[in-house]
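*Asks:* Sharing final31.txt, compact mmCIF, C-alpha atoms:
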# COMPACT_ATOMS: atom_id res chain seq x y z
CA MET Q 13 -8.78 160.80 78.89
CA SER Q 14 -9.82 161.98 75.42
CA SER Q 15 -11.64 159.86 72.88
CA THR Q 16 -8.45 160.01 70.76
CA THR Q 17 -6.49 158.23 73.50
CA HIS Q 18 -8.98 155.38 73.44
CA SER Q 19 -9.59 155.36 69.69
CA PRO Q 20 -8.29 151.77 69.25
CA LEU Q 21 -11.31 150.63 71.26
CA PHE Q 22 -13.61 152.19 68.68
CA THR Q 23 -12.15 150.77 65.50
CA PRO Q 24 -14.65 148.29 63.98
CA LEU Q 25 -13.67 144.63 64.16
CA THR Q 26 -14.69 141.63 62.08
CA VAL Q 27 -15.37 138.69 64.38
CA GLY Q 28 -16.26 135.64 62.36
CA ALA Q 29 -19.51 136.41 60.58
CA LEU Q 30 -20.10 139.63 62.54
CA GLU Q 31 -18.95 143.21 62.16
CA LEU Q 32 -18.52 144.78 65.59
CA PRO Q 33 -18.75 148.59 65.88
CA ASN Q 34 -16.33 148.69 68.80
CA ARG Q 35 -13.97 146.50 70.79
CA VAL Q 36 -15.51 147.08 74.22
CA LEU Q 37 -17.09 143.67 74.76
CA MET Q 38 -19.22 142.49 77.65
CA ALA Q 39 -17.80 139.49 79.47
CA PRO Q 40 -20.01 136.63 80.70
CA LEU Q 41 -21.25 137.58 84.16
CA THR Q 42 -23.07 135.18 86.46
CA ARG Q 43 -25.80 137.13 88.27
CA ASN Q 44 -27.96 134.36 89.84
CA ARG Q 45 -31.27 135.93 88.92
CA ALA Q 46 -32.87 133.16 86.86
CA HIS Q 47 -35.81 131.10 88.04
CA ALA Q 48 -35.20 127.79 89.79
CA ASP Q 49 -36.00 125.86 86.60
CA GLY Q 50 -33.31 127.70 84.66
CA THR Q 51 -35.65 130.07 82.85
CA PRO Q 52 -34.18 133.58 82.71
CA GLY Q 53 -36.02 136.21 84.74
CA SER Q 54 -37.97 138.99 83.03
CA LEU Q 55 -35.56 141.67 84.28
CA ALA Q 56 -32.86 140.09 82.15
CA GLN Q 57 -34.44 141.62 79.05
CA THR Q 58 -33.86 145.09 80.48
CA TYR Q 59 -30.41 144.22 81.81
CA TYR Q 60 -29.07 142.97 78.49
CA ARG Q 61 -30.74 145.62 76.35
CA GLN Q 62 -29.23 148.35 78.56
CA ARG Q 63 -25.81 146.99 77.57
CA ALA Q 64 -26.49 146.55 73.84
CA SER Q 65 -23.89 149.20 72.93
CA ALA Q 66 -21.17 146.64 73.68
CA GLY Q 67 -19.35 145.52 70.56
CA LEU Q 68 -20.47 142.02 71.53
CA ILE Q 69 -22.25 140.66 74.59
CA VAL Q 70 -21.31 137.19 75.79
CA SER Q 71 -24.21 135.97 77.90
CA GLU Q 72 -23.85 134.87 81.48
CA ALA Q 73 -22.72 131.25 81.68
CA THR Q 74 -25.71 129.13 80.67
CA GLN Q 75 -25.92 125.44 81.49
CA ILE Q 76 -26.34 122.94 78.68
CA SER Q 77 -28.26 120.43 80.78
CA ALA Q 78 -29.77 119.93 84.20
CA MET Q 79 -26.60 118.07 85.22
CA GLY Q 80 -24.47 121.01 84.07
CA LYS Q 81 -25.78 123.26 86.84
CA GLY Q 82 -23.59 124.26 89.73
CA TYR Q 83 -25.04 127.40 91.29
CA LEU Q 84 -28.41 128.59 92.53
CA ASP Q 85 -30.61 130.45 90.03
CA THR Q 86 -28.39 130.26 86.96
CA PRO Q 87 -30.03 130.03 83.52
CA GLY Q 88 -30.18 127.08 81.17
CA ILE Q 89 -30.47 126.67 77.41
CA HIS Q 90 -31.83 123.16 77.09
CA GLU Q 91 -35.62 123.36 77.55
CA PRO Q 92 -38.34 125.04 75.43
CA SER Q 93 -39.09 127.46 78.27
CA HIS Q 94 -35.44 128.53 78.28
CA VAL Q 95 -35.51 129.12 74.54
CA ASN Q 96 -38.68 131.19 74.75
CA GLU Q 97 -37.31 133.53 77.41
CA TRP Q 98 -33.85 133.83 75.86
CA LYS Q 99 -35.54 134.71 72.58
CA LYS Q 100 -37.09 137.75 74.25
CA ILE Q 101 -33.69 138.77 75.63
CA VAL Q 102 -31.98 138.36 72.27
CA GLU Q 103 -34.71 140.36 70.56
CA ALA Q 104 -34.26 143.12 73.15
CA VAL Q 105 -30.51 143.22 72.46
CA HIS Q 106 -31.06 143.29 68.71
CA ALA Q 107 -33.65 146.03 69.08
CA GLY Q 108 -30.98 148.04 70.89
CA GLY Q 109 -28.57 147.52 68.00
CA GLY Q 110 -26.47 144.89 69.75
CA ARG Q 111 -25.09 141.41 69.17
CA ILE Q 112 -25.07 138.53 71.67
CA PHE Q 113 -23.45 135.09 71.91
CA CYS Q 114 -24.68 132.41 74.32
CA GLN Q 115 -21.99 130.96 76.57
CA LEU Q 116 -22.46 127.18 76.81
CA TRP Q 117 -21.53 125.90 80.27
CA HIS Q 118 -21.18 122.68 82.20
CA VAL Q 119 -19.69 123.11 85.67
CA GLY Q 120 -18.60 119.50 86.18
CA ARG Q 121 -17.46 119.00 89.76
CA ILE Q 122 -18.06 122.62 90.82
CA SER Q 123 -21.54 121.75 92.00
CA HIS Q 124 -23.57 120.43 94.89
CA THR Q 125 -26.13 117.66 95.18
CA SER Q 126 -28.78 120.18 96.29
CA VAL Q 127 -28.86 121.92 92.89
CA LEU Q 128 -28.82 118.75 90.76
CA PRO Q 129 -31.75 116.53 89.69
CA ASP Q 130 -32.87 114.10 92.38
CA GLY Q 131 -29.91 115.05 94.56
CA ARG Q 132 -27.47 113.35 92.21
CA SER Q 133 -23.73 113.74 92.56
CA PRO Q 134 -21.90 116.06 90.16
CA VAL Q 135 -19.95 114.53 87.29
CA ALA Q 136 -16.32 115.11 86.34
CA PRO Q 137 -13.49 113.40 84.46
CA SER Q 138 -12.36 111.83 87.75
CA ALA Q 139 -13.97 111.35 91.16
CA LEU Q 140 -11.97 114.08 92.88
CA ARG Q 141 -13.76 116.61 95.06
CA ALA Q 142 -12.84 120.22 94.41
CA ASN Q 143 -11.38 122.30 97.20
CA ALA Q 144 -13.88 125.00 96.29
CA GLN Q 145 -17.34 126.25 97.12
CA THR Q 146 -20.53 126.83 95.20
CA PHE Q 147 -23.61 128.94 95.84
CA THR Q 148 -26.79 127.16 96.99
CA ALA Q 149 -30.00 127.96 98.86
CA ASP Q 150 -27.90 127.70 102.03
CA GLY Q 151 -25.31 130.18 100.77
CA PHE Q 152 -21.76 129.19 99.86
CA VAL Q 153 -21.08 125.52 100.64
CA ASP Q 154 -18.30 123.06 99.85
CA CYS Q 155 -18.64 121.29 96.52
CA SER Q 156 -19.91 117.71 96.57
CA THR Q 157 -17.72 114.76 95.60
CA PRO Q 158 -18.28 113.99 91.89
CA GLU Q 159 -18.66 110.74 90.02
CA ALA Q 160 -16.31 110.03 87.12
CA LEU Q 161 -18.12 110.22 83.80
CA SER Q 162 -18.47 106.90 82.00
CA LEU Q 163 -17.77 106.72 78.27
CA SER Q 164 -21.50 106.74 77.63
CA GLY Q 165 -21.80 109.72 79.97
CA ILE Q 166 -19.18 111.58 77.97
CA ARG Q 167 -21.03 110.85 74.74
CA GLN Q 168 -24.28 112.06 76.31
CA THR Q 169 -22.61 115.26 77.51
CA VAL Q 170 -21.21 115.96 74.04
CA ASP Q 171 -24.71 115.44 72.66
CA ASP Q 172 -26.00 117.85 75.31
CA TYR Q 173 -23.65 120.52 73.95
CA ALA Q 174 -25.05 120.00 70.46
CA HIS Q 175 -28.61 120.20 71.77
CA ALA Q 176 -27.88 123.38 73.72
CA ALA Q 177 -26.23 124.89 70.64
CA ARG Q 178 -29.38 124.10 68.65
CA CYS Q 179 -31.51 125.71 71.35
CA ALA Q 180 -29.32 128.83 71.23
CA LYS Q 181 -29.89 129.05 67.49
CA GLU Q 182 -33.65 128.70 68.01
CA ALA Q 183 -33.48 131.55 70.51
CA GLY Q 184 -31.89 133.78 67.88
CA PHE Q 185 -28.42 134.22 69.35
CA ASP Q 186 -25.73 135.48 66.97
CA GLY Q 187 -23.40 132.66 67.97
CA VAL Q 188 -22.19 130.55 70.88
CA GLU Q 189 -19.14 130.48 73.12
CA ILE Q 190 -17.89 127.19 74.54
CA HIS Q 191 -16.82 127.75 78.15
CA ALA Q 192 -13.57 125.80 78.51
CA ALA Q 193 -12.12 127.98 81.29
CA ASN Q 194 -12.11 128.61 85.03
CA GLY Q 195 -11.98 125.05 86.29
CA TYR Q 196 -15.34 123.91 84.90
CA LEU Q 197 -15.96 120.61 83.10
CA VAL Q 198 -14.01 121.14 79.87
CA ASP Q 199 -11.10 122.62 81.82
CA GLN Q 200 -11.28 119.68 84.22
CA PHE Q 201 -10.68 117.33 81.29
CA LEU Q 202 -7.81 119.46 79.97
CA GLN Q 203 -5.76 119.87 83.16
CA ASP Q 204 -4.03 116.98 84.85
CA LYS Q 205 -4.78 117.98 88.44
CA THR Q 206 -8.41 117.05 87.78
CA ASN Q 207 -8.07 114.45 85.02
CA LYS Q 208 -6.67 111.13 86.26
CA ARG Q 209 -8.32 108.95 83.62
CA ASP Q 210 -6.47 106.08 81.95
CA ASP Q 211 -8.70 105.79 78.86
CA ASP Q 212 -8.90 107.79 75.62
CA TYR Q 213 -9.82 110.93 77.57
CA GLY Q 214 -6.90 110.93 80.00
CA GLY Q 215 -3.15 110.70 80.23
CA SER Q 216 -1.58 112.42 77.24
CA ILE Q 217 -2.31 116.02 76.31
CA GLU Q 218 -3.94 114.79 73.10
CA ASN Q 219 -6.27 112.53 75.08
CA ARG Q 220 -7.14 115.20 77.63
CA SER Q 221 -7.98 117.58 74.76
CA ARG Q 222 -10.29 115.06 73.08
CA PHE Q 223 -13.38 116.14 75.02
CA LEU Q 224 -12.96 119.76 73.89
CA SER Q 225 -12.44 118.75 70.26
CA GLU Q 226 -15.53 116.51 70.32
CA ILE Q 227 -17.59 119.37 71.76
CA ILE Q 228 -16.40 121.74 69.05
CA ASN Q 229 -17.28 119.16 66.41
CA ALA Q 230 -20.72 118.67 67.95
CA VAL Q 231 -21.44 122.39 68.21
CA SER Q 232 -20.18 122.81 64.63
CA SER Q 233 -22.97 120.51 63.48
CA GLU Q 234 -25.39 123.26 64.57
CA TRP Q 235 -23.40 126.45 63.93
CA ALA Q 236 -20.86 127.50 61.30
CA SER Q 237 -17.40 127.72 62.85
CA ASP Q 238 -17.34 131.51 62.35
CA ARG Q 239 -20.22 131.74 64.83
CA ILE Q 240 -18.38 129.78 67.54
CA GLY Q 241 -15.98 131.16 70.15
CA VAL Q 242 -14.01 129.32 72.84
CA ARG Q 243 -12.98 130.63 76.24
CA VAL Q 244 -9.88 129.32 78.05
CA SER Q 245 -7.85 130.24 81.13
CA PRO Q 246 -4.28 128.98 80.77
CA LEU Q 247 -3.09 130.43 84.09
CA GLY Q 248 -5.48 128.36 86.17
CA HIS Q 249 -6.29 129.84 89.62
CA ALA Q 250 -10.07 129.30 89.60
CA ASN Q 251 -11.93 126.41 91.20
CA ASP Q 252 -8.96 124.30 92.29
CA ILE Q 253 -7.61 123.77 88.76
CA ALA Q 254 -3.97 123.34 87.71
CA ASP Q 255 -1.72 121.49 85.29
CA SER Q 256 1.82 120.20 85.72
CA ASP Q 257 2.90 121.69 82.37
CA PRO Q 258 0.51 124.46 81.32
CA GLN Q 259 2.77 125.66 78.52
CA ALA Q 260 2.79 122.27 76.80
CA LEU Q 261 -0.94 121.76 77.37
CA PHE Q 262 -2.08 125.14 76.15
CA THR Q 263 0.39 125.20 73.27
CA HIS Q 264 -1.44 122.13 72.01
CA VAL Q 265 -4.85 123.68 72.70
CA TYR Q 266 -4.05 127.00 71.03
CA GLU Q 267 -2.53 125.31 67.97
CA TYR Q 268 -5.59 123.09 67.66
CA LEU Q 269 -8.01 126.01 68.04
CA ASP Q 270 -6.06 128.06 65.52
CA LYS Q 271 -6.97 125.48 62.85
CA GLN Q 272 -10.71 125.52 63.57
CA ASN Q 273 -11.59 128.84 61.86
CA LEU Q 274 -13.43 130.02 64.94
CA ALA Q 275 -15.02 133.42 65.45
CA TYR Q 276 -12.56 134.09 68.27
CA LEU Q 277 -10.49 132.83 71.16
CA HIS Q 278 -11.45 134.42 74.50
CA VAL Q 279 -8.69 134.23 77.12
CA VAL Q 280 -8.93 134.91 80.85
CA GLU Q 281 -5.54 136.51 81.34
CA GLN Q 282 -5.93 137.60 84.96
CA PHE Q 283 -8.26 136.80 87.83
CA PRO Q 284 -9.55 139.34 90.36
CA GLY Q 285 -7.14 139.61 93.25
CA ASN Q 286 -4.26 137.98 91.35
CA GLU Q 287 -1.35 139.90 89.86
CA ASN Q 288 0.48 138.02 87.12
CA ASP Q 289 4.19 137.50 87.67
CA SER Q 290 6.79 137.76 84.90
CA LYS Q 291 6.63 134.03 84.15
CA GLN Q 292 2.86 134.13 83.71
CA LYS Q 293 3.08 137.19 81.48
CA GLU Q 294 5.68 135.44 79.37
CA LEU Q 295 3.44 132.38 79.05
CA LEU Q 296 0.49 134.50 77.95
CA GLY Q 297 2.64 136.22 75.33
CA THR Q 298 4.03 132.96 74.00
CA LEU Q 299 0.60 131.38 73.74
CA CYS Q 300 -0.97 134.48 72.19
CA SER Q 301 1.51 134.28 69.29
CA LEU Q 302 0.21 130.79 68.45
CA TYR Q 303 -3.33 131.93 67.69
CA GLN Q 304 -3.75 133.91 64.47
CA GLY Q 305 -7.50 134.55 64.65
CA VAL Q 306 -9.41 137.15 66.65
CA TYR Q 307 -8.04 137.21 70.21
CA ILE Q 308 -10.24 138.62 72.98
CA ALA Q 309 -8.50 139.33 76.28
CA ASN Q 310 -10.18 139.43 79.68
CA GLY Q 311 -9.08 140.36 83.18
CA GLY Q 312 -7.37 143.35 84.73
CA TYR Q 313 -7.94 145.78 81.86
CA ASP Q 314 -9.18 149.35 81.89
CA ALA Q 315 -9.71 151.65 78.90
CA ASP Q 316 -6.07 152.78 78.88
CA SER Q 317 -4.44 149.36 79.01
CA ALA Q 318 -6.96 147.88 76.56
CA SER Q 319 -6.29 150.66 74.08
CA ARG Q 320 -2.53 150.22 74.37
CA GLU Q 321 -2.61 146.45 73.86
CA ILE Q 322 -4.97 146.72 70.88
CA ALA Q 323 -2.84 149.48 69.35
CA ARG Q 324 0.32 147.38 69.55
CA GLY Q 325 -1.47 144.42 68.00
CA ARG Q 326 -1.15 141.89 70.80
CA ILE Q 327 -4.91 141.57 71.21
CA ASP Q 328 -7.96 142.46 69.13
CA ALA Q 329 -10.54 143.32 71.78
CA VAL Q 330 -11.19 143.21 75.52
CA SER Q 331 -14.18 141.83 77.40
CA PHE Q 332 -15.02 143.83 80.51
CA GLY Q 333 -16.85 142.34 83.47
CA ARG Q 334 -17.39 144.43 86.59
CA PRO Q 335 -17.25 147.74 84.68
CA PHE Q 336 -20.20 146.55 82.58
CA ILE Q 337 -22.17 145.54 85.67
CA ALA Q 338 -22.10 149.11 86.96
CA ASN Q 339 -21.99 150.99 83.65
CA PRO Q 340 -24.58 149.89 81.10
CA ASP Q 341 -23.25 152.57 78.72
CA LEU Q 342 -19.60 151.60 79.22
CA PRO Q 343 -18.50 152.19 75.60
CA GLU Q 344 -19.82 155.76 75.69
CA ARG Q 345 -18.09 156.42 79.00
CA TYR Q 346 -14.81 155.14 77.58
CA ARG Q 347 -15.31 157.10 74.36
CA THR Q 348 -15.89 160.37 76.19
CA GLY Q 349 -13.47 159.75 79.06
CA SER Q 350 -16.33 160.06 81.55
CA ALA Q 351 -16.26 158.84 85.13
CA LEU Q 352 -17.45 155.31 85.86
CA ASN Q 353 -20.10 154.17 88.33
CA GLU Q 354 -18.67 151.97 91.07
CA PRO Q 355 -20.10 148.43 91.22
CA ASP Q 356 -21.86 147.26 94.37
CA ALA Q 357 -20.41 143.82 95.13
CA ASP Q 358 -23.23 143.06 97.58
CA THR Q 359 -25.69 142.90 94.66
CA PHE Q 360 -23.58 140.88 92.21
CA TYR Q 361 -25.30 137.58 92.93
CA GLY Q 362 -29.03 137.15 93.36
CA GLY Q 363 -31.69 139.71 94.15
CA GLY Q 364 -33.78 141.91 91.89
CA GLU Q 365 -33.47 145.27 90.21
CA ALA Q 366 -31.04 146.77 92.73
CA GLY Q 367 -27.50 146.49 91.40
CA TYR Q 368 -28.82 144.87 88.23
CA THR Q 369 -30.89 147.26 86.11
CA ASP Q 370 -30.78 150.47 88.18
CA TYR Q 371 -27.24 151.74 87.52
CA PRO Q 372 -27.44 155.22 85.96
CA PHE Q 373 -26.56 156.14 82.39
CA LEU Q 374 -24.58 159.28 81.59
CA ASP Q 375 -27.66 160.97 80.24
CA ARG Q 376 -29.96 159.56 82.90
CA PRO Q 377 -28.34 160.16 86.31
CA ARG Q 378 -30.00 158.55 89.28
As structure tokens, how would this structure be written, given the file I've shared?

*Replies:*
Amino acid sequence: MSSTTHSPLFTPLTVGALELPNRVLMAPLTRNRAHADGTPGSLAQTYYRQRASAGLIVSEATQISAMGKGYLDTPGIHEPSHVNEWKKIVEAVHAGGGRIFCQLWHVGRISHTSVLPDGRSPVAPSALRANAQTFTADGFVDCSTPEALSLSGIRQTVDDYAHAARCAKEAGFDGVEIHAANGYLVDQFLQDKTNKRDDDYGGSIENRSRFLSEIINAVSSEWASDRIGVRVSPLGHANDIADSDPQALFTHVYEYLDKQNLAYLHVVEQFPGNENDSKQKELLGTLCSLYQGVYIANGGYDADSASREIARGRIDAVSFGRPFIANPDLPERYRTGSALNEPDADTFYGGGEAGYTDYPFLDRPR
């Protein structure tokens, strides 16, 4: 394909307070290469700088607290050591001419006692064990049964988001993304399969959305709203999540988010291995029309389909996941119509340089 075919991908885009040089964004990608204490590994500086040509990098999901952790060797952004190492990563990205947001993450019930402080149980809106697995020192294991968060626990968790947002600012990030997708804690509050509460955080759609709105307010005390993004996944699928009326729920969520003057809304439109049916496509289109700000799509896109959807105005940009794992210079490959490296799924999670920082560039073949 010629660069002309993909020219919509290379039109600059204003995203909140930032000017992006292209619309080929890097999606958050869990790689399980941090130290056990949540401090990012030194190779991460190379990994992220290699991909600095992305219009925007959204960091791998980064836990806001020790209780927010769900997987082995994922990074945190709540201790001074985390801030110090992330600062080096951010400086490397900036030195490469890039921009990077920190994705703020709490997994909720998608966790296991072995990765939590003192072997504690995970926390969630309700004490319902997920029919899902997480990655521990023993490999993939069934998630542990969670405890329902108390009201004081909810307040503490909201405070943890504010603290993590402050830490991200200290590390020099360009902004933060609140992870409210993929069946993790915020999504667990939103969707009624996982939220069976009978207090102010359960029952009605307004109540189930309260946790998200309180987090946005808390993060907004540390960052201007045009430096904050939110990620959602209205089609469910991941981590045993579902809602009895997703259109009503996410209509409310999108209309609320539209009023917050955010940097962007980041939507998981398709999950690997799942083809959307006509009803799901219709839902995505209906919801998309409710949000007037910058709309970033994720899932199932290549350069051709991304260019088409941007050109017709349905979306503003696309975040790419697996293509960015294997192609650190992905924007240049799309711009020139060059062949892509194939990702090695065996090295996605954990390990060292192999499958992390050793994928070849166009001008530096292996």

*Asks:* Calculate how many Å separate CA of Ala139 (chain Q) from CA of Asn44 (chain Q), rounding to one decimal.

*Replies:* 27.0 Å

*Asks:* Would you mind telling me which residue in Q:Ser54, Q:Thr169, Q:Thr148, Q:Asn219 lies nearest to Leu261 (chain Q) when using all atoms listed in the file?

*Replies:*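 Comparing Q:Ser54, Q:Thr169, Q:Thr148, Q:Asn219 against Leu261 (chain Q), the winner is Q:Asn219.
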
*Asks:* Considering only C-alpha atoms, return as a list in words whatever protein or nucleic-acid residues lie within 7 Å of Ala104 (chain Q), sequence-local ones (same chain, fewer than 4 positions apart) excluded.

*Replies:* Gln57, Arg61, Lys100 and Gly108 of chain Q

*Asks:* Write out as a PyMOL selection string which residues come within 8 Å of Arg111 (chain Q) when counting only C-alpha atoms, dropping same-chain ones fewer than 2 positions away.

*Replies:* chain Q and resi 64+66-69+105-106+109+113+185-186

*Asks:* Expressed in Å to a single decimal, how great is the separation between CA of Ser350 (chain Q) and CA of Arg334 (chain Q)?

*Replies:*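 Atom-to-atom, CA of Ser350 (chain Q) and CA of Arg334 (chain Q) are spaced 16.5 Å apart.
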
*Asks:* Which is closest to Phe223 (chain Q) among Q:Arg167, Q:Asn194, Q:Gly248, Q:Phe147, if we use all atoms listed in the file?

*Replies:* Q:Arg167

*Asks:* So that I can see what lies close to Ala230 (chain Q), please list as a list in words the residues with an atom at most 7 Å from it, counting all atoms listed in the file and leaving out residues fewer than 6 positions away in the same chain.

*Replies:*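 Here the qualifying residues turn out to be Val170, Asp171, Tyr173 and Ala174 of chain Q.
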
*Asks:* Pick out the closest residue to Arg345 (chain Q) from this set: Q:Val36, Q:Thr26, Q:Gly165, Q:Lys81. Count only C-alpha atoms.

*Replies:*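 For Arg345 (chain Q), the nearest of the candidates is Q:Val36.
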
*Asks:* Within 10 Å of region 72-80 of chain Q, counting only C-alpha atoms, which residues show up once you throw out same-chain ones fewer than 4 positions away? Write them as a compact mmCIF listing (two decimals) with C-alpha atoms, keeping the file's coordinate frame, please.

*Replies:*
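Full text of around-v2.txt as output:
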# COMPACT_ATOMS: atom_id res chain seq x y z
CA MET Q 38 -19.22 142.49 77.65
CA ALA Q 39 -17.80 139.49 79.47
CA PRO Q 40 -20.01 136.63 80.70
CA LEU Q 41 -21.25 137.58 84.16
CA THR Q 42 -23.07 135.18 86.46
CA ARG Q 43 -25.80 137.13 88.27
CA ASN Q 44 -27.96 134.36 89.84
CA ASP Q 49 -36.00 125.86 86.60
CA GLY Q 50 -33.31 127.70 84.66
CA PRO Q 52 -34.18 133.58 82.71
CA THR Q 86 -28.39 130.26 86.96
CA PRO Q 87 -30.03 130.03 83.52
CA GLY Q 88 -30.18 127.08 81.17
CA ILE Q 89 -30.47 126.67 77.41
CA HIS Q 90 -31.83 123.16 77.09
CA GLU Q 91 -35.62 123.36 77.55
CA PHE Q 113 -23.45 135.09 71.91
CA CYS Q 114 -24.68 132.41 74.32
CA GLN Q 115 -21.99 130.96 76.57
CA LEU Q 116 -22.46 127.18 76.81
CA TRP Q 117 -21.53 125.90 80.27
CA HIS Q 118 -21.18 122.68 82.20
CA VAL Q 119 -19.69 123.11 85.67
CA GLY Q 120 -18.60 119.50 86.18
CA ARG Q 121 -17.46 119.00 89.76
CA ILE Q 122 -18.06 122.62 90.82
CA SER Q 123 -21.54 121.75 92.00
CA THR Q 125 -26.13 117.66 95.18
CA VAL Q 127 -28.86 121.92 92.89
CA LEU Q 128 -28.82 118.75 90.76
CA PRO Q 129 -31.75 116.53 89.69
CA ARG Q 132 -27.47 113.35 92.21
CA SER Q 133 -23.73 113.74 92.56
CA PRO Q 134 -21.90 116.06 90.16
CA VAL Q 135 -19.95 114.53 87.29
CA THR Q 169 -22.61 115.26 77.51
CA VAL Q 170 -21.21 115.96 74.04
CA ASP Q 171 -24.71 115.44 72.66
CA ASP Q 172 -26.00 117.85 75.31
CA TYR Q 173 -23.65 120.52 73.95
CA ALA Q 174 -25.05 120.00 70.46
CA HIS Q 175 -28.61 120.20 71.77
CA ALA Q 176 -27.88 123.38 73.72
CA ALA Q 177 -26.23 124.89 70.64
CA CYS Q 179 -31.51 125.71 71.35
CA ALA Q 180 -29.32 128.83 71.23
CA GLU Q 189 -19.14 130.48 73.12
CA ILE Q 190 -17.89 127.19 74.54
CA HIS Q 191 -16.82 127.75 78.15
CA TYR Q 196 -15.34 123.91 84.90
CA LEU Q 197 -15.96 120.61 83.10

*Asks:* Here is a test: counting all atoms listed in the file, which residue of Q:Ser162, Q:Ser237, Q:Ser65, Q:Thr17 is nearest to Pro33 (chain Q)?

*Replies:*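 Going through Q:Ser162, Q:Ser237, Q:Ser65, Q:Thr17 one by one, the smallest distance to Pro33 (chain Q) is for Q:Ser65.
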
*Asks:* So, with all atoms listed in the file as the atoms that count, which of Q:Leu140, Q:Ala149, Q:Ala236, Q:Ile337 lies closest to Glu354 (chain Q)?

*Replies:*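 Smallest separation from Glu354 (chain Q) among the options: Q:Ile337.
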
*Asks:* Which residues, written as an MDAnalysis selection string, have at least one atom at most 8 Å from Tyr59 (chain Q), with only C-alpha atoms counted and residues fewer than 3 positions away on the same chain left out?

*Replies:* chainID Q and resid 55:56 62:63 368:369

*Asks:* Give the padded box for region 293-306 of chain Q as lines of an AutoDock Vina configuration file: axis-aligned, covering all atoms listed in the file, 8 Å on each side, centre and edge lengths in Å to one decimal.

*Replies:*
center_x = -1.9
center_y = 134.0
center_z = 73.0
size_x = 31.1
size_y = 22.4
size_z = 33.0

*Asks:* (-14.1, 136.8, 65.7) in this file's frame - what residues fall within 10 Å of it? Use all atoms listed in the file and give the answer as a PyMOL selection string.

*Replies:* chain Q and resi 25-32+238-241+273-278+305-308+328-329
